[in-house]
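Working notes, beginning with the structure itself.
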Amino acid sequence: QVQLVESGGGLGQPGGSLSLSCTASGATLEDYAIGWFRQAPGKEREVISCISDRDKSGWYAHSVKGRFTISGDNAKNTILLQMNDLKPEDTGVYYCAAEPLRGTVARCPLVGFGSWGQGIQVTVSS
């Protein structure tokens, strides 16, 4: 089973940028759908972006479209989330998740993610 570790994040300013990385071990991410989720304080966890071999350009929730970019670094077995034009409402715990697509017809974001990272805090505040 794939293991995922998020890194990056921390404190960002409104209008600024942060980047998150999701590094995998135990499997090659090329065969997986990878999702980024966010859980804001007092709210349920929501998917904000997703990428797979079937959705190479990425899928984005309306709240982050045009500001966030998801991409893959196959050499490092890592998925990146570049977050620009940060807003206070981007504050939350960010999780990456993975699910193999072999034998399925699943497309982002409708993937039943089974492997999760531990989460990392992102705080946007001036």
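By convention here, the chains of the structure tokens are called A, B, ... in the order presented, each chain's residues are numbered starting at 1, and ligands are numbered starting at 1 in the order presented.
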For this session: From the DSSP assignment of the backbone, select every residue of chain A that is strand (DSSP E or B), and format the answer as a PyMOL selection string.
Result: chain A and resi 3-8+10-12+18-25+32-39+46-52+55-60+68-73+78-83+92-100+115-116+120-124
Problem set entry | Polymer residues at most 7 Å from Ser25 (chain A), only C-alpha atoms, same-chain spacing of 2 or more positions, as a PyMOL selection string | chain A and resi 2-4+23+27
Problem set entry | Thr91 (chain A) environment, 6 Å, only C-alpha atoms, sequence neighbours closer than 4 positions dropped, as a ChimeraX atom specification | /A:122-124
Using only C-alpha atoms, what table do you get, as CSV, when you list each residue of region 29-75 of chain A with an atom no more than 9 Å from region 93-110 of chain A, its nearest pair of atoms, and their distance in Å rounded to one decimal, rows by chain then rising number?
residue,atom,partner,partner_atom,distance
A:Leu29,CA,A:Ala98,CA,8.0
A:Asp31,CA,A:Pro100,CA,5.9
A:Tyr32,CA,A:Pro100,CA,4.2
A:Ala33,CA,A:Glu99,CA,5.4
A:Ile34,CA,A:Ala98,CA,4.6
A:Gly35,CA,A:Ala97,CA,5.1
A:Trp36,CA,A:Cys96,CA,4.5
A:Phe37,CA,A:Tyr95,CA,5.0
A:Arg38,CA,A:Tyr94,CA,4.5
A:Gln39,CA,A:Val93,CA,5.2
A:Ala40,CA,A:Val93,CA,6.5
A:Pro41,CA,A:Val93,CA,8.3
A:Arg45,CA,A:Val93,CA,8.7
A:Val47,CA,A:Pro109,CA,7.3
A:Ile48,CA,A:Pro109,CA,8.7
A:Ser49,CA,A:Pro109,CA,7.5
A:Cys50,CA,A:Cys108,CA,5.8
A:Ile51,CA,A:Cys108,CA,6.7
A:Ser52,CA,A:Cys108,CA,7.3
A:Asp53,CA,A:Leu101,CA,8.9
A:Arg54,CA,A:Arg107,CA,6.7
A:Asp55,CA,A:Cys108,CA,6.6
A:Gly58,CA,A:Cys108,CA,7.9
A:Trp59,CA,A:Cys108,CA,6.4
A:Tyr60,CA,A:Pro109,CA,8.5
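Using only C-alpha atoms, the shortest contact distance between Gly8 (chain A) and any of A:Ser63, A:Thr69, A:Gln82, A:Ser57 is found at A:Gln82.
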Problem set entry | Polymer residues at most 8 Å from Leu86 (chain A), only C-alpha atoms, same-chain spacing of 2 or more positions, as number ranges by chain | A: 12-18, 67, 83-84, 88, 90, 124
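Per DSSP on the backbone, helix (DSSP H, G or I) in chain A comprises Leu29, Glu30, Asp31, Asn74, Ala75, Lys76, Pro88, Glu89 and Asp90 of chain A.
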For this session: Identify, on the basis of only C-alpha atoms, every residue whose closest approach to Leu80 (chain A) does not exceed 6 Å; exclude the query and any residue fewer than 4 positions from it along the same chain; express the result as a list in words.
Result: Leu20, Ser21, Ile70 and Ser71 of chain A
Keeping only N, CA, C and O atoms, write the selected residues as a PDB file, in the first residue's frame.
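File result02.pdb, as written:
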ATOM      1  N   LEU A  20       2.550  22.978  -1.607  1.00  0.00           N
ATOM      2  CA  LEU A  20       2.485  21.728  -0.864  1.00  0.00           C
ATOM      3  C   LEU A  20       3.017  20.599  -1.727  1.00  0.00           C
ATOM      4  O   LEU A  20       2.846  20.625  -2.952  1.00  0.00           O
ATOM      5  N   SER A  21       3.653  19.652  -1.084  1.00  0.00           N
ATOM      6  CA  SER A  21       4.129  18.455  -1.775  1.00  0.00           C
ATOM      7  C   SER A  21       3.533  17.226  -1.115  1.00  0.00           C
ATOM      8  O   SER A  21       3.356  17.190   0.104  1.00  0.00           O
ATOM      9  N   ILE A  70      -2.228  21.864  -9.714  1.00  0.00           N
ATOM     10  CA  ILE A  70      -1.734  20.549  -9.318  1.00  0.00           C
ATOM     11  C   ILE A  70      -0.852  20.007 -10.423  1.00  0.00           C
ATOM     12  O   ILE A  70      -1.137  20.189 -11.609  1.00  0.00           O
ATOM     13  N   SER A  71       0.239  19.374 -10.036  1.00  0.00           N
ATOM     14  CA  SER A  71       1.147  18.815 -11.028  1.00  0.00           C
ATOM     15  C   SER A  71       1.911  17.646 -10.420  1.00  0.00           C
ATOM     16  O   SER A  71       1.945  17.480  -9.198  1.00  0.00           O
TER      17      SER A  71
END
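Counting from CA of Gly92 (chain A), the distance to CA of Ala75 (chain A) is 28.8 Å.
Counting only C-alpha atoms, the residue from A:Thr28, A:Cys22, A:Asn77, A:Gln121 that sits nearest to Gln1 (chain A) is A:Thr28.
When CA of Gly9 (chain A) is paired with CA of Leu81 (chain A), their separation reads 9.9 Å.
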